[in-house]
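The data block below is entry21.txt; it holds compact mmCIF, C-alpha atoms (C1' of nucleotides).
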```
# COMPACT_ATOMS: atom_id res chain seq x y z
CA MET A 1 70.67 89.75 96.41
CA VAL A 2 73.22 88.58 98.92
CA ASP A 3 74.80 86.61 96.12
CA ALA A 4 75.03 89.73 94.02
CA ALA A 5 76.58 91.56 96.95
CA ILE A 6 79.16 88.82 97.44
CA ASP A 7 80.08 88.89 93.78
CA LEU A 8 80.43 92.63 93.79
CA ILE A 9 82.66 92.63 96.83
CA GLY A 10 84.84 90.01 95.24
CA GLU A 11 85.11 91.97 92.03
CA GLY A 12 85.48 95.53 93.08
CA GLY A 13 85.90 95.71 96.81
CA LEU A 14 83.53 96.77 99.51
CA ARG A 15 83.04 100.21 98.08
CA SER A 16 81.70 98.93 94.83
CA MET A 17 79.00 97.04 96.67
CA THR A 18 76.60 99.89 96.22
CA PHE A 19 72.84 99.73 96.44
CA VAL A 20 72.52 100.62 92.80
CA ALA A 21 75.00 97.97 91.72
CA ILE A 22 73.33 95.24 93.75
CA GLY A 23 69.92 96.19 92.47
CA ASP A 24 71.14 96.13 88.90
CA ARG A 25 72.83 92.79 89.21
CA ALA A 26 70.02 91.11 91.08
CA GLY A 27 67.48 92.44 88.61
CA TYR A 28 65.81 94.83 91.03
CA SER A 29 66.08 98.48 91.64
CA ARG A 30 68.15 100.35 94.13
CA GLY A 31 65.42 101.18 96.58
CA LEU A 32 64.58 97.60 97.34
CA VAL A 33 67.96 96.86 98.79
CA THR A 34 67.55 99.58 101.37
CA ALA A 35 64.07 98.31 102.19
CA ARG A 36 65.30 94.76 102.66
CA PHE A 37 68.39 95.32 104.71
CA GLY A 38 67.65 98.64 106.28
CA SER A 39 71.09 100.07 105.85
CA LYS A 40 74.50 99.42 104.51
CA GLN A 41 75.50 97.92 107.79
CA GLY A 42 72.60 95.50 107.60
CA LEU A 43 73.72 94.43 104.18
CA VAL A 44 77.25 93.81 105.32
CA ASP A 45 75.93 91.78 108.22
CA ALA A 46 73.85 89.68 105.90
CA VAL A 47 76.87 88.95 103.75
CA ILE A 48 78.97 88.07 106.76
CA HIS A 49 76.36 85.73 108.15
CA ARG A 50 76.05 83.95 104.85
CA VAL A 51 79.75 83.33 104.54
CA TRP A 52 80.24 82.36 108.16
CA ASN A 53 77.48 79.82 108.07
CA ARG A 54 79.11 78.16 105.11
CA LEU A 55 82.44 78.09 106.87
CA ARG A 56 80.89 76.58 109.95
CA GLU A 57 79.29 73.88 107.87
CA LEU A 58 82.70 73.07 106.49
CA ARG A 59 84.14 72.94 110.00
CA ALA A 60 86.61 75.67 109.27
CA LEU A 61 85.62 77.05 112.63
CA PRO A 62 85.11 73.79 114.47
CA ASP A 63 83.12 74.00 117.65
CA THR A 64 84.26 70.64 118.80
CA HIS A 65 87.81 69.53 118.47
CA ASP A 66 87.71 65.88 117.63
CA GLY A 67 90.70 63.81 116.77
CA SER A 68 94.14 64.76 117.95
CA GLY A 69 95.08 68.39 118.37
CA LEU A 70 97.26 68.37 115.31
CA GLU A 71 94.60 66.69 113.25
CA SER A 72 91.89 69.12 114.16
CA MET A 73 94.23 71.92 113.18
CA ARG A 74 94.89 70.32 109.84
CA THR A 75 91.18 69.74 109.41
CA LEU A 76 90.61 73.43 109.82
CA VAL A 77 93.20 74.37 107.23
CA GLU A 78 91.91 71.78 104.82
CA ALA A 79 88.37 72.95 105.31
CA LEU A 80 89.55 76.36 104.22
CA ALA A 81 91.14 74.80 101.18
CA ASP A 82 87.85 73.06 100.45
CA HIS A 83 86.01 76.29 100.62
CA ALA A 84 88.58 77.99 98.41
CA LYS A 85 88.01 75.25 95.89
CA ASN A 86 84.23 75.06 95.97
CA GLU A 87 83.16 78.60 96.67
CA PRO A 88 86.08 80.83 95.87
CA GLY A 89 83.76 83.78 95.46
CA GLU A 90 82.60 83.61 99.04
CA LEU A 91 86.08 83.31 100.40
CA ARG A 92 87.23 86.14 98.21
CA ALA A 93 84.48 88.36 99.54
CA LEU A 94 85.32 87.40 103.10
CA TYR A 95 88.96 88.26 102.73
CA VAL A 96 88.24 91.46 100.90
CA MET A 97 86.12 92.45 103.88
CA MET A 98 88.87 91.42 106.27
CA PHE A 99 91.35 93.64 104.52
CA ALA A 100 88.79 96.39 104.20
CA ALA A 101 88.43 96.26 107.97
CA ILE A 102 91.92 97.69 108.09
CA ALA A 103 91.89 99.85 105.01
CA GLU A 104 88.65 101.62 105.76
CA ASP A 105 87.82 103.52 108.90
CA ASP A 106 84.84 101.48 109.97
CA GLU A 107 84.96 100.34 113.53
CA ALA A 108 81.84 98.23 113.19
CA LEU A 109 83.32 96.26 110.32
CA ALA A 110 86.63 95.96 112.13
CA ASP A 111 84.86 94.51 115.15
CA ARG A 112 83.08 91.88 113.11
CA MET A 113 86.25 90.86 111.36
CA ARG A 114 88.15 90.77 114.63
CA VAL A 115 85.57 88.38 115.99
CA PHE A 116 86.02 86.05 113.05
CA HIS A 117 89.76 86.32 112.98
CA VAL A 118 90.21 85.80 116.69
CA ALA A 119 87.80 82.87 116.64
CA MET A 120 89.94 81.14 114.07
CA ARG A 121 93.18 81.90 115.81
CA GLU A 122 91.89 80.69 119.12
CA SER A 123 90.62 77.59 117.49
CA ILE A 124 94.17 76.97 116.39
CA THR A 125 95.53 77.87 119.79
CA ILE A 126 93.25 75.29 121.37
CA ALA A 127 94.30 72.73 118.82
CA PHE A 128 97.90 73.37 119.78
CA GLU A 129 97.08 72.99 123.44
CA HIS A 130 95.30 69.73 122.82
CA GLY A 131 98.14 68.65 120.62
CA VAL A 132 100.71 69.28 123.31
CA ALA A 133 98.51 67.44 125.79
CA ASP A 134 97.82 64.42 123.62
CA GLY A 135 101.30 64.20 122.21
CA SER A 136 100.46 64.93 118.60
CA VAL A 137 102.46 68.16 118.86
CA ARG A 138 106.03 68.45 120.08
CA ALA A 139 106.41 69.41 123.67
CA GLY A 140 107.72 72.90 124.28
CA VAL A 141 105.75 74.80 121.66
CA ASP A 142 103.93 77.89 122.83
CA PRO A 143 100.33 77.57 121.61
CA ALA A 144 99.72 81.31 121.59
CA ALA A 145 102.88 82.18 119.69
CA GLU A 146 102.56 79.37 117.19
CA SER A 147 98.90 79.95 116.47
CA LEU A 148 99.75 83.59 115.77
CA LYS A 149 102.20 82.50 113.12
CA VAL A 150 100.03 79.82 111.59
CA THR A 151 97.15 82.26 111.36
CA ALA A 152 99.51 84.81 109.88
CA THR A 153 100.50 82.38 107.18
CA ILE A 154 96.88 81.66 106.34
CA ARG A 155 96.00 85.34 106.11
CA GLY A 156 99.12 86.10 104.15
CA LEU A 157 98.44 83.38 101.63
CA ALA A 158 94.96 84.76 101.14
CA TYR A 159 96.45 88.21 100.72
CA GLN A 160 98.75 87.08 97.98
CA TRP A 161 95.98 85.11 96.36
CA LEU A 162 93.91 88.25 96.10
CA LEU A 163 96.80 90.44 95.00
CA GLU A 164 98.06 88.03 92.36
CA PRO A 165 95.24 85.65 91.54
CA ASP A 166 97.00 84.24 88.51
CA ARG A 167 100.16 83.47 90.33
CA VAL A 168 98.97 82.11 93.65
CA ASP A 169 96.86 78.98 93.94
CA LEU A 170 95.26 79.25 97.35
CA VAL A 171 94.04 75.67 97.41
CA ASP A 172 97.48 74.26 96.76
CA ALA A 173 99.12 76.61 99.18
CA LEU A 174 96.73 75.73 101.99
CA LEU A 175 97.09 72.02 101.43
CA GLU A 176 100.81 72.42 101.45
CA LEU A 177 100.55 74.36 104.68
CA SER A 178 98.54 71.53 106.16
CA SER A 179 101.24 69.03 105.39
CA ASP A 180 103.86 71.44 106.69
CA LEU A 181 102.05 71.51 110.00
CA GLU A 182 102.52 67.79 110.20
CA SER A 183 106.23 67.90 109.51
CA ILE A 184 106.92 70.91 111.69
CA TYR A 185 104.96 70.11 114.78
CA ARG A 186 104.65 66.34 114.86
CA PRO A 187 107.13 65.20 117.47
CA LEU A 188 109.26 63.24 115.07
CA ARG A 189 112.44 64.70 113.81
CA ALA A 190 111.51 66.64 110.72
CA GLU A 191 110.90 70.27 110.16
CA ARG A 192 109.42 72.63 107.70
CA PRO A 193 108.44 76.24 107.33
CA GLY A 194 106.14 78.33 109.42
CA ALA A 195 107.56 78.29 112.85
CA SER A 196 109.84 76.66 115.30
CA MET B 1 102.49 117.32 104.48
CA VAL B 2 103.56 113.85 103.54
CA ASP B 3 104.03 113.21 107.24
CA ALA B 4 100.49 114.31 107.89
CA ALA B 5 99.28 112.05 105.12
CA ILE B 6 101.16 109.08 106.56
CA ASP B 7 99.71 109.69 109.99
CA LEU B 8 96.22 109.98 108.62
CA ILE B 9 96.50 106.76 106.66
CA GLY B 10 97.74 105.00 109.74
CA GLU B 11 94.91 106.32 111.85
CA GLY B 12 91.89 106.15 109.65
CA GLY B 13 92.76 104.32 106.49
CA LEU B 14 93.32 105.56 103.00
CA ARG B 15 89.89 107.09 102.74
CA SER B 16 90.45 109.39 105.64
CA MET B 17 93.51 110.82 103.95
CA THR B 18 91.48 113.62 102.47
CA PHE B 19 92.77 116.91 101.21
CA VAL B 20 90.94 118.75 103.93
CA ALA B 21 92.32 116.52 106.67
CA ILE B 22 95.89 116.81 105.45
CA GLY B 23 95.62 120.56 105.16
CA ASP B 24 94.23 120.82 108.65
CA ARG B 25 96.87 118.66 110.20
CA ALA B 26 99.78 120.21 108.39
CA GLY B 27 98.54 123.67 109.24
CA TYR B 28 97.59 124.58 105.71
CA SER B 29 94.37 124.64 103.85
CA ARG B 30 92.87 122.08 101.56
CA GLY B 31 93.67 123.77 98.29
CA LEU B 32 97.41 123.68 98.78
CA VAL B 33 97.54 119.94 98.83
CA THR B 34 95.98 119.73 95.42
CA ALA B 35 98.37 122.37 94.15
CA ARG B 36 101.40 120.54 95.49
CA PHE B 37 100.61 117.01 94.41
CA GLY B 38 98.30 117.60 91.51
CA SER B 39 95.87 114.88 92.37
CA LYS B 40 95.07 112.21 94.85
CA GLN B 41 97.14 109.78 92.90
CA GLY B 42 100.12 112.10 93.11
CA LEU B 43 99.73 112.26 96.84
CA VAL B 44 99.61 108.51 97.20
CA ASP B 45 102.72 108.23 95.06
CA ALA B 46 104.52 110.72 97.26
CA VAL B 47 103.65 108.71 100.35
CA ILE B 48 104.75 105.47 98.74
CA HIS B 49 108.05 106.92 97.65
CA ARG B 50 108.75 108.23 101.11
CA VAL B 51 108.14 104.90 102.77
CA TRP B 52 109.99 102.88 100.19
CA ASN B 53 113.07 104.99 100.41
CA ARG B 54 113.18 104.43 104.13
CA LEU B 55 112.81 100.72 103.68
CA ARG B 56 115.58 100.66 101.13
CA GLU B 57 117.86 102.50 103.50
CA LEU B 58 117.17 99.84 106.08
CA ARG B 59 117.94 97.12 103.55
CA ALA B 60 114.52 95.61 103.89
CA LEU B 61 114.61 95.36 100.13
CA PRO B 62 118.27 94.56 99.69
CA ASP B 63 119.66 95.12 96.24
CA THR B 64 122.75 93.14 96.97
CA HIS B 65 122.62 89.88 98.81
CA ASP B 66 125.68 89.73 100.96
CA GLY B 67 126.36 87.09 103.48
CA SER B 68 124.87 83.65 103.14
CA GLY B 69 121.46 83.20 101.61
CA LEU B 70 119.88 82.43 104.94
CA GLU B 71 121.53 85.41 106.56
CA SER B 72 120.41 87.88 103.95
CA MET B 73 116.90 86.59 104.41
CA ARG B 74 117.10 87.07 108.13
CA THR B 75 118.57 90.51 107.57
CA LEU B 76 115.54 91.43 105.57
CA VAL B 77 113.12 90.27 108.23
CA GLU B 78 115.10 91.99 110.95
CA ALA B 79 115.23 95.19 108.96
CA LEU B 80 111.46 95.08 108.90
CA ALA B 81 111.45 94.60 112.65
CA ASP B 82 113.77 97.59 112.94
CA HIS B 83 111.44 99.70 110.93
CA ALA B 84 108.48 98.52 112.95
CA LYS B 85 110.33 99.61 116.04
CA ASN B 86 111.64 102.96 114.87
CA GLU B 87 108.97 104.20 112.52
CA PRO B 88 105.84 102.22 113.23
CA GLY B 89 103.74 104.95 111.68
CA GLU B 90 105.34 104.55 108.30
CA LEU B 91 105.03 100.81 108.34
CA ARG B 92 101.45 101.09 109.45
CA ALA B 93 100.66 103.40 106.56
CA LEU B 94 102.38 101.08 104.13
CA TYR B 95 100.42 98.07 105.26
CA VAL B 96 97.17 99.95 105.32
CA MET B 97 97.83 100.84 101.71
CA MET B 98 98.70 97.26 100.90
CA PHE B 99 95.41 96.05 102.30
CA ALA B 100 93.58 98.93 100.70
CA ALA B 101 94.98 97.75 97.38
CA ILE B 102 92.68 94.76 97.78
CA ALA B 103 89.79 96.36 99.57
CA GLU B 104 89.37 99.27 97.22
CA ASP B 105 88.86 99.08 93.51
CA ASP B 106 91.91 101.02 92.47
CA GLU B 107 94.01 99.32 89.88
CA ALA B 108 96.74 101.95 90.05
CA LEU B 109 97.20 101.43 93.77
CA ALA B 110 97.06 97.67 93.36
CA ASP B 111 99.83 97.84 90.77
CA ARG B 112 102.11 99.85 93.02
CA MET B 113 101.54 97.50 95.93
CA ARG B 114 102.07 94.48 93.73
CA VAL B 115 105.43 95.88 92.71
CA PHE B 116 106.47 96.28 96.31
CA HIS B 117 105.12 92.97 97.43
CA VAL B 118 106.61 91.00 94.59
CA ALA B 119 109.95 92.73 95.04
CA MET B 120 110.09 91.55 98.61
CA ARG B 121 108.99 88.05 97.82
CA GLU B 122 111.49 87.72 95.03
CA SER B 123 114.15 89.04 97.28
CA ILE B 124 113.33 86.16 99.59
CA THR B 125 113.20 83.71 96.72
CA ILE B 126 116.68 84.75 95.68
CA ALA B 127 117.89 84.42 99.23
CA PHE B 128 116.56 80.87 99.26
CA GLU B 129 118.30 80.12 96.00
CA HIS B 130 121.57 81.46 97.30
CA GLY B 131 121.02 79.59 100.51
CA VAL B 132 120.55 76.31 98.73
CA ALA B 133 123.62 77.04 96.64
CA ASP B 134 125.89 78.04 99.51
CA GLY B 135 124.64 75.41 101.90
CA SER B 136 123.07 77.71 104.46
CA VAL B 137 119.67 76.31 103.57
CA ARG B 138 118.77 72.65 103.46
CA ALA B 139 118.88 71.05 100.08
CA GLY B 140 115.54 70.17 98.61
CA VAL B 141 113.58 73.27 99.49
CA ASP B 142 111.68 74.92 96.68
CA PRO B 143 112.63 78.61 96.77
CA ALA B 144 109.42 79.77 95.10
CA ALA B 145 107.13 77.78 97.38
CA GLU B 146 108.97 78.62 100.56
CA SER B 147 109.28 82.31 99.80
CA LEU B 148 105.54 82.39 99.22
CA LYS B 149 104.98 81.06 102.72
CA VAL B 150 107.55 83.21 104.42
CA THR B 151 106.12 86.30 102.76
CA ALA B 152 102.66 85.16 103.74
CA THR B 153 103.72 84.95 107.36
CA ILE B 154 105.19 88.44 107.24
CA ARG B 155 102.05 89.90 105.69
CA GLY B 156 99.82 87.99 108.06
CA LEU B 157 101.72 89.18 111.10
CA ALA B 158 101.33 92.74 109.89
CA TYR B 159 97.64 92.10 109.36
CA GLN B 160 97.13 90.93 112.88
CA TRP B 161 99.23 93.78 114.20
CA LEU B 162 96.91 96.25 112.52
CA LEU B 163 93.76 94.41 113.50
CA GLU B 164 94.75 93.94 117.13
CA PRO B 165 97.45 96.45 117.92
CA ASP B 166 97.27 95.84 121.63
CA ARG B 167 97.62 92.14 121.35
CA VAL B 168 100.23 91.69 118.66
CA ASP B 169 103.75 92.99 118.98
CA LEU B 170 105.05 93.11 115.44
CA VAL B 171 108.65 93.63 116.44
CA ASP B 172 108.72 90.56 118.65
CA ALA B 173 106.87 88.48 116.12
CA LEU B 174 109.23 89.38 113.30
CA LEU B 175 112.30 88.69 115.38
CA GLU B 176 110.86 85.37 116.37
CA LEU B 177 110.19 84.64 112.73
CA SER B 178 113.78 85.42 111.96
CA SER B 179 114.99 82.89 114.46
CA ASP B 180 112.46 80.39 113.19
CA LEU B 181 113.98 80.70 109.74
CA GLU B 182 117.25 79.59 111.22
CA SER B 183 115.83 76.53 112.92
CA ILE B 184 113.62 75.52 110.07
CA TYR B 185 115.85 75.98 107.08
CA ARG B 186 119.39 75.59 108.40
CA PRO B 187 120.55 72.13 107.39
CA LEU B 188 120.83 69.81 110.35
CA ARG B 189 122.46 66.48 110.27
CA ALA B 190 119.86 64.04 109.03
CA GLU B 191 116.64 65.16 107.50
CA ARG B 192 114.31 64.10 104.79
CA PRO B 193 112.83 66.52 102.27
CA GLY B 194 109.19 65.88 103.09
CA ALA B 195 106.67 67.58 100.89
CA SER B 196 106.91 70.55 98.59
C1' DC C 1 31.53 84.08 93.90
C1' DA C 2 32.22 88.94 94.34
C1' DC C 3 34.38 92.55 96.43
C1' DA C 4 36.71 95.62 99.43
C1' DG C 5 40.44 96.28 102.48
C1' DT C 6 45.10 95.22 103.57
C1' DT C 7 49.56 93.54 103.29
C1' DT C 8 53.66 92.94 100.54
C1' DA C 9 57.02 93.54 96.70
C1' DG C 10 58.93 96.79 94.17
C1' DT C 11 59.50 101.55 92.03
C1' DT C 12 61.02 106.46 91.34
C1' DG C 13 62.14 110.98 93.35
C1' DT C 14 64.88 113.57 96.07
C1' DC C 15 67.68 115.39 99.83
C1' DG C 16 72.04 115.95 102.21
C1' DG C 17 76.77 114.94 102.89
C1' DC C 18 81.36 114.18 101.36
C1' DC C 19 85.09 114.59 98.39
C1' DG C 20 88.23 115.68 94.39
C1' DA C 21 89.22 119.09 91.11
C1' DC C 22 90.01 123.45 89.62
C1' DA C 23 89.59 128.39 89.09
C1' DA C 24 90.01 132.67 90.96
C1' DG C 25 91.74 135.51 94.26
C1' DT C 26 94.98 137.26 98.35
C1' DC C 27 99.26 138.32 100.44
C1' DG C 28 103.99 139.15 100.92
C1' DA C 29 108.76 139.09 99.56
C1' DT C 30 112.10 140.43 96.25
C1' DA D 1 105.47 144.47 89.29
C1' DT D 2 105.79 139.88 89.27
C1' DC D 3 106.21 135.37 91.22
C1' DG D 4 105.32 131.87 94.34
C1' DA D 5 103.03 130.37 98.45
C1' DC D 6 98.65 129.93 100.09
C1' DT D 7 93.43 130.62 100.52
C1' DT D 8 88.45 130.57 99.48
C1' DG D 9 84.66 129.57 96.31
C1' DT D 10 82.36 126.47 93.79
C1' DC D 11 81.03 122.74 90.66
C1' DG D 12 79.97 117.98 89.72
C1' DG D 13 79.73 113.28 90.93
C1' DC D 14 78.62 109.60 93.94
C1' DC D 15 76.27 107.40 97.51
C1' DG D 16 73.18 106.29 101.51
C1' DA D 17 68.81 107.17 103.37
C1' DC D 18 64.18 107.80 103.22
C1' DA D 19 59.61 109.06 101.70
C1' DA D 20 56.02 108.73 98.59
C1' DC D 21 53.88 106.08 95.11
C1' DT D 22 52.12 101.79 92.23
C1' DA D 23 50.70 97.32 91.51
C1' DA D 24 49.87 92.84 92.48
C1' DA D 25 48.75 89.14 95.54
C1' DC D 26 46.11 87.81 99.80
C1' DT D 27 42.42 87.98 103.09
C1' DG D 28 38.03 87.59 105.21
C1' DT D 29 33.02 88.24 104.71
C1' DG D 30 28.39 87.94 103.07
```
So that I can check it, write out the structure of this file as structure tokens.
Amino acid sequence: MVDAAIDLIGEGGLRSMTFVAIGDRAGYSRGLVTARFGSKQGLVDAVIHRVWNRLRELRALPDTHDGSGLESMRTLVEALADHAKNEPGELRALYVMMFAAIAEDDEALADRMRVFHVAMRESITIAFEHGVADGSVRAGVDPAAESLKVTATIRGLAYQWLLEPDRVDLVDALLELSSDLESIYRPLRAERPGAS
Amino acid sequence: MVDAAIDLIGEGGLRSMTFVAIGDRAGYSRGLVTARFGSKQGLVDAVIHRVWNRLRELRALPDTHDGSGLESMRTLVEALADHAKNEPGELRALYVMMFAAIAEDDEALADRMRVFHVAMRESITIAFEHGVADGSVRAGVDPAAESLKVTATIRGLAYQWLLEPDRVDLVDALLELSSDLESIYRPLRAERPGAS
DNA sequence: CACAGTTTAGTTGTCGGCCGACAAGTCGAT
DNA sequence: ATCGACTTGTCGGCCGACAACTAAACTGTG
């Protein structure tokens, strides 16, 4: 049933994830969904937990930052690329929900998405801090400012992927971003897009 | 009435832009809105036209690319910053609609937003092409790939601005992005075209 | 083994709220 | 008297929530 919900979100947005639709797709009837998850909110929570657990497994939200700061940052981006490659449906549902958090007037959803989003950005901030400390990132970069931009690029790539699925290859774009991070921030003399 | 609609979108998302709410806020009653705009779709179109015209005036979607390629690109980003500073409500409504285009299952809205989004990205692509041609941008950059990333950063900054208004200053971030474009893409003395 | 009671999975029925659409009507200025 | 600006009434659709019902599987007991 959660699978059905994820598919539906990916296909038609949060609003098309209706009890009836989920029941139909999962082979049950509408009432059961309510019984299982209690409410719409419960359903959304179930979907979120499912996707987050997968992302954690893939280390896209690393709890421990091993390797150099720059490397752990690249690991995160590449884990996202992995997920985009292996389970695009889940990532699609996640991003649809993230954008729905802004498009719809649902403070509860917005809170949940803020938690996820901020967790990722702070993960990147910490990676920058470690990177500056261990020398894998150029001295002088502002971790907060740069992580804002890197996160922005990630979100924006996902946005374009969802808006123009045929034109934007999220996996490629993320991998390219990962290598950009190397050339931009590694304290050699080379630069590339994203930030200063 | 369009003003009321823009405010409502900015405050509570597209779904809270209801005929009743607009009527209330504009001092009229619900029925008039239908009479004026014909349908919900007509209303959305009216809002879109309003915002786009403003953006065109500010040259955020330049028709002519004057100055060097890199400069016209920076002009575009700075025009966005201008708009974010002067009419944050309009920009907020625009971005809410852009994210709604993904969150809701509304092909008509998605089409309109795609038009806008692609127009901006292609504007940036062209700026890159001019930049490579006139020497204001390093040789070797791929205009399509780089414009994808720059646009992603712009969209992602707007996303974070809407998700965490208190934490993210869109004007600052866009201006910083503009200066980043200079340091990243302006040809220095010796550099190697890394990836991409 | 039989059987009754109970839990569990799943169903249909239905209510209330919200919203878009439209029709009909009101009011005032020219 | 008509026209345009504006209002109220109302219908139909959609959805979430919940209650009431059915059936099947599960349990313990003698």
Determine which residues of chain B sit within 9 Å of chain C, taking into account only C-alpha atoms (C1' of nucleotides), and present them as a PyMOL selection string. chain B and resi 18-19+34+39-40
Residue neighbourhood B:Leu14, 8 Å, all atoms listed in the file, exclusion window fewer than 3 positions, as a list of chain:residue names: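 Returned residues: A:Ala103, A:Glu104, B:Leu8, B:Ile9, B:Met17, B:Val96, B:Met97, B:Ala100.
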Closest-contact table, chain A side, partner chain B, 8 Å, counting all atoms listed in the file, as a tab-separated table:
```
residue	atom	partner	partner_atom	distance
A:Gly12	CA	B:Asp105	CA	4.9
A:Gly13	CA	B:Ala103	CA	4.8
A:Leu14	CA	B:Ala103	CA	6.3
A:Arg15	CA	B:Glu104	CA	6.5
A:Ser16	CA	B:Asp105	CA	7.3
A:Val96	CA	B:Ala103	CA	5.3
A:Met97	CA	B:Ala103	CA	6.9
A:Phe99	CA	B:Phe99	CA	5.2
A:Ala100	CA	B:Ala103	CA	4.7
A:Ala101	CA	B:Leu163	CA	7.9
A:Ile102	CA	B:Val96	CA	6.4
A:Ala103	CA	B:Ala100	CA	4.7
A:Glu104	CA	B:Gly13	CA	5.0
A:Asp105	CA	B:Gly12	CA	4.9
A:Ala110	CA	B:Leu163	CA	7.4
A:Arg114	CA	B:Leu163	CA	6.8
A:Leu148	CA	B:Leu157	CA	7.5
A:Lys149	CA	B:Thr153	CA	6.4
A:Val150	CA	B:Thr153	CA	7.6
A:Thr151	CA	B:Gly156	CA	7.1
A:Ala152	CA	B:Gly156	CA	3.7
A:Thr153	CA	B:Thr153	CA	4.1
A:Ile154	CA	B:Gly156	CA	7.2
A:Arg155	CA	B:Gly156	CA	5.0
A:Gly156	CA	B:Ala152	CA	3.7
A:Leu157	CA	B:Ala152	CA	5.0
A:Tyr159	CA	B:Ala152	CA	7.5
A:Gln160	CA	B:Ala152	CA	7.2
A:Leu162	CA	B:Ile102	CA	6.8
A:Leu163	CA	B:Ile102	CA	6.6
A:Glu164	CA	B:Arg114	CA	7.7
A:Glu176	CA	B:Ser196	CA	7.0
A:Ser179	CA	B:Ala195	CA	7.2
A:Asp180	CA	B:Ala195	CA	7.5
A:Ser183	CA	B:Gly194	CA	7.4
A:Arg189	CA	B:Glu191	CA	7.6
A:Ala190	CA	B:Glu191	CA	6.2
A:Glu191	CA	B:Ile184	CA	5.9
A:Arg192	CA	B:Ile184	CA	5.6
A:Pro193	CA	B:Ile184	CA	5.9
A:Gly194	CA	B:Val150	CA	7.1
A:Ala195	CA	B:Asp180	CA	5.3
A:Ser196	CA	B:Asp180	CA	5.0
```
Do me a favour and pick out the residues of chain D within 10 Å of chain B, using all atoms listed in the file, as an MDAnalysis selection string. chainID D and resid 5:8
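Going from atom CA of A:Gly23 to atom CA of A:Asn86 covers 25.8 Å.
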Using atom CA of A:Asp142 and atom CA of B:Ile124 as the two end points, give the distance in Å to one decimal.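 About the pair atom CA of A:Asp142 and atom CA of B:Ile124: they are 26.4 Å apart.
Across the model, the gap from atom CA of A:Arg92 to atom CA of A:Leu58 is 16.1 Å.
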Taking all listed atoms of stretch 9-25 of chain C, build the axis-aligned box, pad each of the six sides by 4 Å, then write its centre and edge lengths in Å to one decimal as JSON.
```
{"center_x": 74.4, "center_y": 114.5, "center_z": 96.0, "size_x": 42.7, "size_y": 50.0, "size_z": 21.8}
```
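Shell of A:Val47 at 10 Å, with all atoms listed in the file counted and residues fewer than 5 places along the chain excluded, is Met1, Val2, Asp3, Ala4, Ala5, Ile6, Ile9, Gln41, Gly42, Trp52, Glu90, Ala93, Leu94 and Met97 of chain A.
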Those residues with C-alpha atoms, as a PDB file, in the frame of the given file please?
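New file selection_25.pdb:
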```pdb
ATOM      1  CA  MET A   1      70.670  89.750  96.410  1.00  0.00           C
ATOM      2  CA  VAL A   2      73.220  88.580  98.920  1.00  0.00           C
ATOM      3  CA  ASP A   3      74.800  86.610  96.120  1.00  0.00           C
ATOM      4  CA  ALA A   4      75.030  89.730  94.020  1.00  0.00           C
ATOM      5  CA  ALA A   5      76.580  91.560  96.950  1.00  0.00           C
ATOM      6  CA  ILE A   6      79.160  88.820  97.440  1.00  0.00           C
ATOM      7  CA  ILE A   9      82.660  92.630  96.830  1.00  0.00           C
ATOM      8  CA  GLN A  41      75.500  97.920 107.790  1.00  0.00           C
ATOM      9  CA  GLY A  42      72.600  95.500 107.600  1.00  0.00           C
ATOM     10  CA  TRP A  52      80.240  82.360 108.160  1.00  0.00           C
ATOM     11  CA  GLU A  90      82.600  83.610  99.040  1.00  0.00           C
ATOM     12  CA  ALA A  93      84.480  88.360  99.540  1.00  0.00           C
ATOM     13  CA  LEU A  94      85.320  87.400 103.100  1.00  0.00           C
ATOM     14  CA  MET A  97      86.120  92.450 103.880  1.00  0.00           C
TER      15      MET A  97
END
```
